[in-house]
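J.: One structure is given below, represented as structure tokens, and several questions about it will come after.
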Amino acid sequence: MISLAPLTNLPPLESERLLLRRLCMRDAADLYDYSRDPEVARHVLWSAHTSPAESRSYIRYMLRRYRLGEPSSWGIVLKSENRVVGTIGFMWIQEENASAEVGYSLSRSYWNQGIMTEALRLVLDFGFYKLKLNRIEAQHEVDNPASGAVMRKAGMAHEGILRQRLYNKGRFVDVALYAALRSEYVQ
């Protein structure tokens with residue numbers, strides 16, 4: 001059976017280059033720095049931040065989710081710079097089905113450097129080994145193939161296209177669905 005207890009005190013996750021940790025208010029400037037970029041916001045369900053207050057509001061929202069032990073996101077800290085360059089986390093978790101969805105965003109300055117693949121592997125490990133999930137899925141707009149490449153490199157399999165699955169930025173968009181299964185991921 002799955003264990004959601006680790007969400008109550010969301011632990012830091014670490015790799016060679018990255019530290020995934022809970023966001024805090026002192027991250028607001030870093031978050032705003034990349035969240036205001038329309039290219040970063042283009043394929044996600046939130047709009048580019050127009051003020052530092054929006055970034056602080058998002059952090060307050062995450063702090064509430066941490067306190068309640070709800071699915072939430074880590075800040076992606078690039079160790080060499082000691083700054084938040086993105087977020088990654090669980091959008092939802094279905095306890096009865098032992099499944100979850102992962103979502104992420106990353107500063108454009110760090111695209112195509114393997115950072116998000118590294119972060120996604122950490123979250124998949126956490127989901128399968130600590131939460132004991134059976135299925136972790138992720139989706140991306142079909143006109144954002146780089147996100148699909150991240151999912152494949154992290155070990156997720158393409159399952160299909162969900163036509164006009166989401167309404168984003170004034171239009172219905174097709175999304176590609178990817179998933180990793182415990183039986184295929186855990187050795």
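Each chain in the structure tokens gets a letter, A, B and so on, in the order shown; residues start at 1 in every chain, and ligands are counted from 1 in the order they appear.
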Can you tell me, as number ranges by chain, which residues in region 5-177 of chain A count as helix (DSSP H, G or I) by DSSP?

T.: A: 5-8, 25-35, 38-41, 52-68, 95-97, 108-110, 115-130, 145-153

J.: With a distance cut-off of 10 Å and only C-alpha atoms, select the neighbouring residues of region 136-151 of chain A, excluding the residue or stretch itself and same-chain residues fewer than 2 positions from it, and output the selection as number ranges by chain.

T.: A: 42-44, 90-91, 93, 98-105, 111-112, 114-121, 123-124, 127-128, 133-134, 153-166, 168, 173-182

J.: So what do you get for CA of Trp74 (chain A) versus CA of Leu23 (chain A), distance-wise?

T.: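 So the two atoms, CA of Trp74 (chain A) and CA of Leu23 (chain A), lie 6.2 Å apart.
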
J.: Do you have the CA of Arg21 (chain A)-CA of Gly89 (chain A) distance handy?

T.: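 Taking CA of Arg21 (chain A) and CA of Gly89 (chain A), their separation equals 10.4 Å.
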
J.: Please return, as a PyMOL selection string, all residues of region 66-111 of chain A that DSSP assigns to strand (DSSP E or B) on the basis of the backbone.

T.: chain A and resi 73-78+83-94+99-106

J.: Would you pick out the contacts of Ala41 (chain A) at 12 Å or less, using only C-alpha atoms, so that residues sharing its chain but fewer than 2 positions from it are not included, and give the list as a list in words?

T.: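 Returned residues: Tyr32, Tyr34, Ser35, Arg36, Asp37, Pro38, Glu39, His43, Val44, Leu45, Trp46, Ser47, Ala48, His49, Thr50, Gly86, Tyr104, Ser105, Leu106, Ser107, Arg108, Asn144, Asn168 and Lys169 of chain A.
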
J.: Counting only C-alpha atoms, which residue out of A:Arg22, A:Arg60, A:Arg17, A:Arg65 sits closest to Leu78 (chain A)?

T.: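 Closest to Leu78 (chain A), using only C-alpha atoms: A:Arg17.
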
J.: Of the candidates A:Cys24, A:Ile2, A:Ala29, A:Val40, which shows the shortest atom-to-atom distance to Gln94 (chain A), using only C-alpha atoms?

T.: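 Of A:Cys24, A:Ile2, A:Ala29, A:Val40, the one nearest Gln94 (chain A), counting only C-alpha atoms, is A:Ile2.
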
J.: In Å, how far is it from CA of Leu68 (chain A) to CA of Ser51 (chain A)?

T.: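 These two atoms are separated by 26.8 Å.
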
J.: So, with only C-alpha atoms as the atoms that count, which of A:Glu70, A:Glu16, A:Glu184, A:Asp125 lies closest to Leu4 (chain A)?

T.: A:Glu70

J.: Hey, which of A:Pro71, A:Lys132, A:Gly170, A:Ser57 ends up closest to Asn97 (chain A)? Count only C-alpha atoms.

T.: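 Among A:Pro71, A:Lys132, A:Gly170, A:Ser57, it is A:Lys132 that comes nearest to Asn97 (chain A).
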